[in-house]
$ cat upload_9.txt   # compact mmCIF, all heavy atoms
# COMPACT_ATOMS: atom_id res chain seq x y z
N MET A 129 -33.09 -27.80 -52.04
CA MET A 129 -34.01 -28.72 -52.67
C MET A 129 -34.77 -29.46 -51.58
O MET A 129 -34.20 -29.90 -50.59
CB MET A 129 -33.24 -29.72 -53.53
CG MET A 129 -34.13 -30.73 -54.17
SD MET A 129 -33.34 -32.09 -55.07
CE MET A 129 -32.05 -31.32 -55.94
N THR A 130 -36.06 -29.59 -51.78
CA THR A 130 -36.92 -30.31 -50.84
C THR A 130 -37.54 -31.49 -51.55
O THR A 130 -38.10 -31.34 -52.63
CB THR A 130 -38.03 -29.38 -50.31
OG1 THR A 130 -37.43 -28.25 -49.70
CG2 THR A 130 -38.90 -30.09 -49.31
N LEU A 131 -37.45 -32.67 -50.95
CA LEU A 131 -38.11 -33.85 -51.50
C LEU A 131 -39.49 -33.97 -50.89
O LEU A 131 -39.66 -33.86 -49.68
CB LEU A 131 -37.30 -35.11 -51.19
CG LEU A 131 -35.93 -35.20 -51.82
CD1 LEU A 131 -35.23 -36.48 -51.38
CD2 LEU A 131 -36.01 -35.14 -53.32
N LEU A 132 -40.47 -34.18 -51.74
CA LEU A 132 -41.85 -34.32 -51.29
C LEU A 132 -42.37 -35.70 -51.68
O LEU A 132 -41.85 -36.31 -52.62
CB LEU A 132 -42.73 -33.25 -51.95
CG LEU A 132 -42.32 -31.80 -51.67
CD1 LEU A 132 -43.14 -30.85 -52.54
CD2 LEU A 132 -42.47 -31.48 -50.21
N PRO A 133 -43.38 -36.20 -50.99
CA PRO A 133 -43.96 -37.49 -51.38
C PRO A 133 -44.48 -37.43 -52.81
O PRO A 133 -44.98 -36.40 -53.25
CB PRO A 133 -45.12 -37.68 -50.40
CG PRO A 133 -44.84 -36.75 -49.26
CD PRO A 133 -44.04 -35.61 -49.83
N GLY A 134 -44.33 -38.53 -53.52
CA GLY A 134 -44.80 -38.59 -54.91
C GLY A 134 -46.25 -38.99 -55.01
O GLY A 134 -46.94 -39.19 -54.01
N ARG A 135 -46.72 -39.10 -56.24
CA ARG A 135 -48.09 -39.52 -56.52
C ARG A 135 -48.06 -40.88 -57.22
O ARG A 135 -47.12 -41.19 -57.93
CB ARG A 135 -48.78 -38.50 -57.42
CG ARG A 135 -48.90 -37.12 -56.78
CD ARG A 135 -49.53 -36.10 -57.73
NE ARG A 135 -48.93 -36.07 -59.05
CZ ARG A 135 -47.83 -35.40 -59.39
NH1 ARG A 135 -47.17 -34.72 -58.47
NH2 ARG A 135 -47.38 -35.40 -60.61
N ALA A 136 -49.08 -41.65 -57.04
CA ALA A 136 -49.15 -42.99 -57.65
C ALA A 136 -49.64 -42.96 -59.09
O ALA A 136 -49.53 -43.95 -59.79
CB ALA A 136 -50.05 -43.88 -56.82
N GLU A 137 -50.19 -41.86 -59.54
CA GLU A 137 -50.69 -41.74 -60.92
C GLU A 137 -50.34 -40.38 -61.45
O GLU A 137 -50.27 -39.42 -60.68
CB GLU A 137 -52.21 -41.93 -60.96
CG GLU A 137 -52.62 -43.33 -60.61
CD GLU A 137 -54.13 -43.49 -60.69
OE1 GLU A 137 -54.85 -42.48 -60.85
OE2 GLU A 137 -54.59 -44.61 -60.59
N PRO A 138 -50.15 -40.19 -62.71
CA PRO A 138 -50.14 -41.18 -63.80
C PRO A 138 -48.80 -41.92 -63.86
O PRO A 138 -47.81 -41.46 -63.30
CB PRO A 138 -50.33 -40.32 -65.04
CG PRO A 138 -49.68 -39.02 -64.69
CD PRO A 138 -49.94 -38.84 -63.21
N LEU A 139 -48.80 -43.05 -64.53
CA LEU A 139 -47.55 -43.80 -64.71
C LEU A 139 -46.60 -43.03 -65.62
O LEU A 139 -47.02 -42.29 -66.50
CB LEU A 139 -47.83 -45.18 -65.32
CG LEU A 139 -48.52 -46.19 -64.40
CD1 LEU A 139 -48.82 -47.46 -65.17
CD2 LEU A 139 -47.67 -46.49 -63.19
N GLY A 140 -45.33 -43.19 -65.38
CA GLY A 140 -44.31 -42.52 -66.19
C GLY A 140 -43.75 -41.31 -65.47
O GLY A 140 -43.86 -41.18 -64.26
N ALA A 141 -43.14 -40.42 -66.22
CA ALA A 141 -42.58 -39.19 -65.68
C ALA A 141 -43.54 -38.04 -65.94
O ALA A 141 -43.98 -37.85 -67.06
CB ALA A 141 -41.23 -38.90 -66.32
N SER A 142 -43.87 -37.29 -64.90
CA SER A 142 -44.80 -36.18 -65.03
C SER A 142 -44.18 -34.92 -64.44
O SER A 142 -43.80 -34.90 -63.27
CB SER A 142 -46.10 -36.47 -64.27
OG SER A 142 -46.69 -37.65 -64.73
N TYR A 143 -44.09 -33.87 -65.25
CA TYR A 143 -43.56 -32.58 -64.79
C TYR A 143 -44.72 -31.69 -64.38
O TYR A 143 -45.67 -31.51 -65.14
CB TYR A 143 -42.75 -31.92 -65.90
CG TYR A 143 -42.19 -30.58 -65.54
CD1 TYR A 143 -41.25 -30.46 -64.54
CD2 TYR A 143 -42.61 -29.44 -66.19
CE1 TYR A 143 -40.73 -29.21 -64.20
CE2 TYR A 143 -42.10 -28.19 -65.87
CZ TYR A 143 -41.16 -28.09 -64.87
OH TYR A 143 -40.65 -26.87 -64.53
N ASP A 144 -44.68 -31.14 -63.18
CA ASP A 144 -45.79 -30.30 -62.70
C ASP A 144 -45.45 -28.81 -62.64
O ASP A 144 -46.19 -28.03 -62.06
CB ASP A 144 -46.25 -30.77 -61.32
CG ASP A 144 -45.21 -30.55 -60.23
OD1 ASP A 144 -44.13 -30.00 -60.52
OD2 ASP A 144 -45.49 -30.93 -59.08
N GLY A 145 -44.35 -28.41 -63.24
CA GLY A 145 -43.94 -27.01 -63.20
C GLY A 145 -42.93 -26.71 -62.12
O GLY A 145 -42.26 -25.71 -62.15
N LYS A 146 -42.84 -27.59 -61.13
CA LYS A 146 -41.89 -27.43 -60.03
C LYS A 146 -40.88 -28.57 -59.97
O LYS A 146 -39.78 -28.41 -59.49
CB LYS A 146 -42.63 -27.36 -58.70
CG LYS A 146 -43.54 -26.17 -58.56
CD LYS A 146 -44.23 -26.18 -57.23
CE LYS A 146 -45.19 -25.02 -57.12
NZ LYS A 146 -45.90 -25.04 -55.83
N GLY A 147 -41.29 -29.73 -60.42
CA GLY A 147 -40.43 -30.91 -60.36
C GLY A 147 -41.04 -32.05 -61.16
O GLY A 147 -42.08 -31.88 -61.81
N VAL A 148 -40.40 -33.19 -61.10
CA VAL A 148 -40.84 -34.35 -61.87
C VAL A 148 -41.20 -35.48 -60.91
O VAL A 148 -40.48 -35.77 -59.96
CB VAL A 148 -39.74 -34.84 -62.84
CG1 VAL A 148 -40.21 -36.06 -63.62
CG2 VAL A 148 -39.36 -33.72 -63.80
N ASN A 149 -42.33 -36.10 -61.14
CA ASN A 149 -42.78 -37.27 -60.39
C ASN A 149 -42.58 -38.48 -61.28
O ASN A 149 -43.03 -38.51 -62.43
CB ASN A 149 -44.26 -37.13 -60.03
CG ASN A 149 -44.74 -38.27 -59.16
OD1 ASN A 149 -44.39 -38.35 -58.01
ND2 ASN A 149 -45.56 -39.15 -59.73
N PHE A 150 -41.89 -39.50 -60.78
CA PHE A 150 -41.68 -40.74 -61.52
C PHE A 150 -42.53 -41.82 -60.86
O PHE A 150 -42.39 -42.10 -59.67
CB PHE A 150 -40.21 -41.18 -61.47
CG PHE A 150 -39.29 -40.25 -62.19
CD1 PHE A 150 -38.63 -39.23 -61.53
CD2 PHE A 150 -39.07 -40.40 -63.55
CE1 PHE A 150 -37.78 -38.37 -62.19
CE2 PHE A 150 -38.22 -39.54 -64.23
CZ PHE A 150 -37.58 -38.53 -63.54
N THR A 151 -43.45 -42.41 -61.64
CA THR A 151 -44.30 -43.48 -61.13
C THR A 151 -44.06 -44.72 -61.98
O THR A 151 -44.23 -44.70 -63.20
CB THR A 151 -45.78 -43.09 -61.21
OG1 THR A 151 -45.97 -41.88 -60.51
CG2 THR A 151 -46.66 -44.17 -60.62
N LEU A 152 -43.64 -45.79 -61.32
CA LEU A 152 -43.33 -47.04 -62.00
C LEU A 152 -44.08 -48.18 -61.34
O LEU A 152 -44.35 -48.13 -60.14
CB LEU A 152 -41.82 -47.33 -61.92
CG LEU A 152 -40.91 -46.22 -62.41
CD1 LEU A 152 -39.47 -46.55 -62.05
CD2 LEU A 152 -41.06 -46.02 -63.89
N PHE A 153 -44.39 -49.21 -62.10
CA PHE A 153 -45.00 -50.42 -61.54
C PHE A 153 -44.28 -51.64 -62.09
O PHE A 153 -44.20 -51.81 -63.31
CB PHE A 153 -46.49 -50.50 -61.89
CG PHE A 153 -47.11 -51.80 -61.44
CD1 PHE A 153 -47.44 -51.99 -60.12
CD2 PHE A 153 -47.30 -52.84 -62.33
CE1 PHE A 153 -47.98 -53.19 -59.69
CE2 PHE A 153 -47.84 -54.04 -61.92
CZ PHE A 153 -48.18 -54.22 -60.59
N PHE A 154 -43.75 -52.42 -61.22
CA PHE A 154 -43.13 -53.69 -61.57
C PHE A 154 -43.60 -54.71 -60.56
O PHE A 154 -43.26 -54.62 -59.38
CB PHE A 154 -41.60 -53.60 -61.54
CG PHE A 154 -41.03 -52.68 -62.59
CD1 PHE A 154 -40.70 -51.38 -62.28
CD2 PHE A 154 -40.85 -53.13 -63.88
CE1 PHE A 154 -40.18 -50.53 -63.25
CE2 PHE A 154 -40.35 -52.29 -64.85
CZ PHE A 154 -40.01 -50.99 -64.53
N GLN A 155 -44.38 -55.66 -60.98
CA GLN A 155 -45.01 -56.61 -60.06
C GLN A 155 -44.00 -57.43 -59.28
O GLN A 155 -44.21 -57.69 -58.10
CB GLN A 155 -45.95 -57.53 -60.83
CG GLN A 155 -46.77 -58.42 -59.92
CD GLN A 155 -47.88 -59.13 -60.67
OE1 GLN A 155 -48.11 -58.89 -61.84
NE2 GLN A 155 -48.57 -60.00 -60.01
N HIS A 156 -42.89 -57.82 -59.89
CA HIS A 156 -41.95 -58.72 -59.21
C HIS A 156 -40.57 -58.10 -58.98
O HIS A 156 -39.64 -58.81 -58.63
CB HIS A 156 -41.80 -60.02 -60.01
CG HIS A 156 -43.11 -60.74 -60.17
ND1 HIS A 156 -43.76 -61.35 -59.12
CD2 HIS A 156 -43.90 -60.92 -61.25
CE1 HIS A 156 -44.88 -61.89 -59.54
NE2 HIS A 156 -45.00 -61.64 -60.84
N ALA A 157 -40.43 -56.81 -59.16
CA ALA A 157 -39.12 -56.17 -58.99
C ALA A 157 -38.77 -56.05 -57.51
O ALA A 157 -39.63 -55.82 -56.66
CB ALA A 157 -39.12 -54.79 -59.63
N GLU A 158 -37.51 -56.21 -57.22
CA GLU A 158 -37.02 -55.99 -55.86
C GLU A 158 -36.44 -54.59 -55.73
O GLU A 158 -36.34 -54.05 -54.63
CB GLU A 158 -35.97 -57.03 -55.50
CG GLU A 158 -36.55 -58.43 -55.43
CD GLU A 158 -35.52 -59.46 -55.05
OE1 GLU A 158 -34.42 -59.07 -54.61
OE2 GLU A 158 -35.82 -60.65 -55.19
N ARG A 159 -36.01 -53.99 -56.84
CA ARG A 159 -35.50 -52.63 -56.85
C ARG A 159 -35.45 -52.13 -58.29
O ARG A 159 -35.53 -52.91 -59.22
CB ARG A 159 -34.12 -52.55 -56.20
CG ARG A 159 -33.07 -53.28 -56.97
CD ARG A 159 -31.71 -53.17 -56.26
NE ARG A 159 -30.98 -54.39 -56.47
CZ ARG A 159 -30.80 -55.33 -55.57
NH1 ARG A 159 -31.29 -55.20 -54.37
NH2 ARG A 159 -30.14 -56.42 -55.84
N ILE A 160 -35.31 -50.82 -58.41
CA ILE A 160 -35.13 -50.20 -59.72
C ILE A 160 -33.95 -49.23 -59.63
O ILE A 160 -33.52 -48.87 -58.54
CB ILE A 160 -36.39 -49.44 -60.20
CG1 ILE A 160 -36.69 -48.29 -59.24
CG2 ILE A 160 -37.57 -50.36 -60.34
CD1 ILE A 160 -37.47 -47.20 -59.87
N GLU A 161 -33.45 -48.82 -60.77
CA GLU A 161 -32.38 -47.83 -60.83
C GLU A 161 -32.80 -46.74 -61.80
O GLU A 161 -33.18 -47.02 -62.93
CB GLU A 161 -31.09 -48.49 -61.29
CG GLU A 161 -29.91 -47.57 -61.29
CD GLU A 161 -28.62 -48.31 -61.60
OE1 GLU A 161 -28.48 -49.48 -61.26
OE2 GLU A 161 -27.74 -47.68 -62.21
N LEU A 162 -32.74 -45.51 -61.35
CA LEU A 162 -33.09 -44.36 -62.18
C LEU A 162 -31.82 -43.59 -62.48
O LEU A 162 -31.13 -43.15 -61.56
CB LEU A 162 -34.10 -43.47 -61.45
CG LEU A 162 -34.47 -42.16 -62.14
CD1 LEU A 162 -35.19 -42.43 -63.46
CD2 LEU A 162 -35.33 -41.32 -61.23
N CYS A 163 -31.49 -43.45 -63.74
CA CYS A 163 -30.29 -42.71 -64.15
C CYS A 163 -30.73 -41.41 -64.82
O CYS A 163 -31.49 -41.44 -65.78
CB CYS A 163 -29.45 -43.54 -65.13
SG CYS A 163 -28.85 -45.07 -64.45
N LEU A 164 -30.25 -40.30 -64.31
CA LEU A 164 -30.57 -38.99 -64.87
C LEU A 164 -29.30 -38.42 -65.48
O LEU A 164 -28.23 -38.48 -64.88
CB LEU A 164 -31.09 -38.05 -63.79
CG LEU A 164 -32.33 -38.51 -63.06
CD1 LEU A 164 -32.66 -37.57 -61.92
CD2 LEU A 164 -33.51 -38.65 -64.00
N PHE A 165 -29.41 -37.87 -66.68
CA PHE A 165 -28.27 -37.34 -67.40
C PHE A 165 -28.50 -35.86 -67.69
O PHE A 165 -29.61 -35.44 -67.97
CB PHE A 165 -28.03 -38.08 -68.72
CG PHE A 165 -27.70 -39.53 -68.51
CD1 PHE A 165 -28.69 -40.49 -68.48
CD2 PHE A 165 -26.39 -39.93 -68.35
CE1 PHE A 165 -28.39 -41.83 -68.27
CE2 PHE A 165 -26.07 -41.26 -68.16
CZ PHE A 165 -27.06 -42.21 -68.11
N ASN A 166 -27.44 -35.09 -67.65
CA ASN A 166 -27.48 -33.67 -67.92
C ASN A 166 -26.58 -33.40 -69.12
O ASN A 166 -25.47 -33.93 -69.19
CB ASN A 166 -26.99 -32.89 -66.71
CG ASN A 166 -27.15 -31.40 -66.86
OD1 ASN A 166 -27.27 -30.88 -67.96
ND2 ASN A 166 -27.11 -30.70 -65.76
N ASP A 167 -27.04 -32.59 -70.06
CA ASP A 167 -26.23 -32.29 -71.26
C ASP A 167 -24.89 -31.63 -70.92
O ASP A 167 -23.97 -31.68 -71.70
CB ASP A 167 -27.01 -31.40 -72.23
CG ASP A 167 -28.13 -32.14 -72.92
OD1 ASP A 167 -28.08 -33.37 -72.98
OD2 ASP A 167 -29.04 -31.45 -73.42
N GLY A 168 -24.82 -30.95 -69.75
CA GLY A 168 -23.61 -30.24 -69.37
C GLY A 168 -22.51 -31.18 -69.10
O GLY A 168 -21.37 -31.13 -69.09
$ encode --input "upload_9.txt" --output "structure tokens"
Amino acid sequence: MTLLPGRAEPLGASYDGKGVNFTLFFQHAERIELCLFNDG
């Protein structure tokens, strides 16, 4: 797996056929937590 730089737009989760880009905006957040779940 290779991590690549993300894109600033569009907001939300965007699948490009190879992976998912997550773009979030929080004006006063110090951090966020992303939880991914697998049905398996």
$ closest_residue --input "upload_9.txt" --among "A:Asp167, A:Glu161, A:Phe154, A:Val148" --to "Arg135 in chain A" --atoms "only C-alpha atoms"
A:Val148
$ atom_distance --input "upload_9.txt" --atom1 "atom N of Asn166 in chain A" --atom2 "CZ of Phe150 in chain A"
11.5 Å
$ closest_residue --input "upload_9.txt" --among "A:Cys163, A:Gly168, A:Met129, A:Glu137" --to "Thr151 in chain A" --atoms "all heavy atoms"
A:Glu137
$ atom_distance --input "upload_9.txt" --atom1 "CD1 of Leu164 in chain A" --atom2 "atom O of Ser142 in chain A"
11.5 Å
$ axis_aligned_box --input "upload_9.txt" --around "range 133-149 of chain A" --padding-each-side "3 Å" --output "lines of an AutoDock Vina configuration file"
center_x = -47.1
center_y = -36.2
center_z = -58.2
size_x = 21.5
size_y = 28.4
size_z = 23.8
$ atom_distance --input "upload_9.txt" --atom1 "CA of Tyr143 in chain A" --atom2 "CA of Thr130 in chain A"
15.6 Å
$ select_by_dssp --input "upload_9.txt" --residues "chain A" --states "strand (DSSP E or B)" --output "PyMOL selection string"
chain A and resi 140-143+148-151
$ decode --input "upload_9.txt" --residues "range 130-168 of chain A" --atoms "N, CA and C atoms" --output "compact mmCIF listing (two decimals), in the first residue's frame"
# COMPACT_ATOMS: atom_id res chain seq x y z
N THR A 130 0.53 2.19 -0.82
CA THR A 130 1.27 3.45 -0.90
C THR A 130 0.35 4.59 -0.51
N LEU A 131 0.79 5.44 0.39
CA LEU A 131 0.02 6.63 0.76
C LEU A 131 0.45 7.78 -0.12
N LEU A 132 -0.52 8.47 -0.68
CA LEU A 132 -0.26 9.61 -1.55
C LEU A 132 -0.88 10.85 -0.94
N PRO A 133 -0.38 12.03 -1.29
CA PRO A 133 -1.00 13.26 -0.79
C PRO A 133 -2.46 13.34 -1.21
N GLY A 134 -3.29 13.87 -0.35
CA GLY A 134 -4.71 14.01 -0.64
C GLY A 134 -5.03 15.28 -1.39
N ARG A 135 -6.30 15.47 -1.65
CA ARG A 135 -6.79 16.68 -2.33
C ARG A 135 -7.65 17.47 -1.35
N ALA A 136 -7.70 18.76 -1.52
CA ALA A 136 -8.48 19.62 -0.63
C ALA A 136 -9.95 19.70 -1.02
N GLU A 137 -10.32 19.24 -2.19
CA GLU A 137 -11.71 19.27 -2.64
C GLU A 137 -12.02 17.99 -3.37
N PRO A 138 -13.21 17.52 -3.39
CA PRO A 138 -14.41 18.01 -2.69
C PRO A 138 -14.41 17.57 -1.23
N LEU A 139 -15.23 18.23 -0.43
CA LEU A 139 -15.36 17.85 0.98
C LEU A 139 -16.05 16.49 1.09
N GLY A 140 -15.69 15.76 2.11
CA GLY A 140 -16.28 14.44 2.34
C GLY A 140 -15.35 13.33 1.89
N ALA A 141 -15.91 12.16 1.67
CA ALA A 141 -15.14 11.00 1.20
C ALA A 141 -15.37 10.84 -0.29
N SER A 142 -14.28 10.73 -1.04
CA SER A 142 -14.37 10.59 -2.49
C SER A 142 -13.55 9.38 -2.93
N TYR A 143 -14.20 8.45 -3.63
CA TYR A 143 -13.52 7.27 -4.16
C TYR A 143 -13.13 7.53 -5.60
N ASP A 144 -11.87 7.33 -5.95
CA ASP A 144 -11.41 7.60 -7.32
C ASP A 144 -11.12 6.35 -8.13
N GLY A 145 -11.54 5.19 -7.65
CA GLY A 145 -11.27 3.95 -8.36
C GLY A 145 -10.05 3.22 -7.84
N LYS A 146 -9.18 3.93 -7.14
CA LYS A 146 -7.97 3.35 -6.57
C LYS A 146 -7.95 3.45 -5.05
N GLY A 147 -8.59 4.45 -4.52
CA GLY A 147 -8.59 4.68 -3.07
C GLY A 147 -9.59 5.76 -2.71
N VAL A 148 -9.61 6.11 -1.45
CA VAL A 148 -10.57 7.10 -0.95
C VAL A 148 -9.81 8.30 -0.39
N ASN A 149 -10.25 9.48 -0.75
CA ASN A 149 -9.71 10.73 -0.23
C ASN A 149 -10.73 11.28 0.76
N PHE A 150 -10.29 11.58 1.97
CA PHE A 150 -11.15 12.17 2.99
C PHE A 150 -10.75 13.63 3.17
N THR A 151 -11.69 14.54 2.93
CA THR A 151 -11.43 15.97 3.09
C THR A 151 -12.39 16.52 4.13
N LEU A 152 -11.84 17.08 5.19
CA LEU A 152 -12.64 17.61 6.29
C LEU A 152 -12.21 19.04 6.57
N PHE A 153 -13.14 19.84 7.08
CA PHE A 153 -12.81 21.20 7.51
C PHE A 153 -13.44 21.45 8.87
N PHE A 154 -12.61 21.77 9.81
CA PHE A 154 -13.06 22.15 11.14
C PHE A 154 -12.25 23.37 11.55
N GLN A 155 -12.88 24.50 11.67
CA GLN A 155 -12.17 25.75 11.91
C GLN A 155 -11.39 25.75 13.21
N HIS A 156 -11.92 25.14 14.27
CA HIS A 156 -11.26 25.22 15.57
C HIS A 156 -10.80 23.87 16.11
N ALA A 157 -10.79 22.84 15.30
CA ALA A 157 -10.39 21.51 15.76
C ALA A 157 -8.87 21.44 15.95
N GLU A 158 -8.47 20.72 16.95
CA GLU A 158 -7.04 20.46 17.16
C GLU A 158 -6.66 19.10 16.58
N ARG A 159 -7.64 18.20 16.44
CA ARG A 159 -7.41 16.90 15.84
C ARG A 159 -8.75 16.26 15.50
N ILE A 160 -8.69 15.23 14.67
CA ILE A 160 -9.88 14.46 14.34
C ILE A 160 -9.53 12.98 14.49
N GLU A 161 -10.54 12.14 14.53
CA GLU A 161 -10.34 10.70 14.59
C GLU A 161 -11.21 10.07 13.51
N LEU A 162 -10.59 9.25 12.68
CA LEU A 162 -11.31 8.56 11.61
C LEU A 162 -11.35 7.08 11.96
N CYS A 163 -12.54 6.54 12.07
CA CYS A 163 -12.71 5.11 12.39
C CYS A 163 -13.25 4.40 11.15
N LEU A 164 -12.54 3.39 10.71
CA LEU A 164 -12.97 2.61 9.55
C LEU A 164 -13.35 1.22 10.03
N PHE A 165 -14.47 0.71 9.55
CA PHE A 165 -14.98 -0.59 9.96
C PHE A 165 -15.10 -1.50 8.76
N ASN A 166 -14.84 -2.77 8.96
CA ASN A 166 -14.92 -3.77 7.91
C ASN A 166 -15.96 -4.79 8.34
N ASP A 167 -16.84 -5.20 7.43
CA ASP A 167 -17.89 -6.18 7.77
C ASP A 167 -17.32 -7.51 8.26
N GLY A 168 -16.07 -7.83 7.84
CA GLY A 168 -15.46 -9.11 8.19
C GLY A 168 -15.20 -9.18 9.64
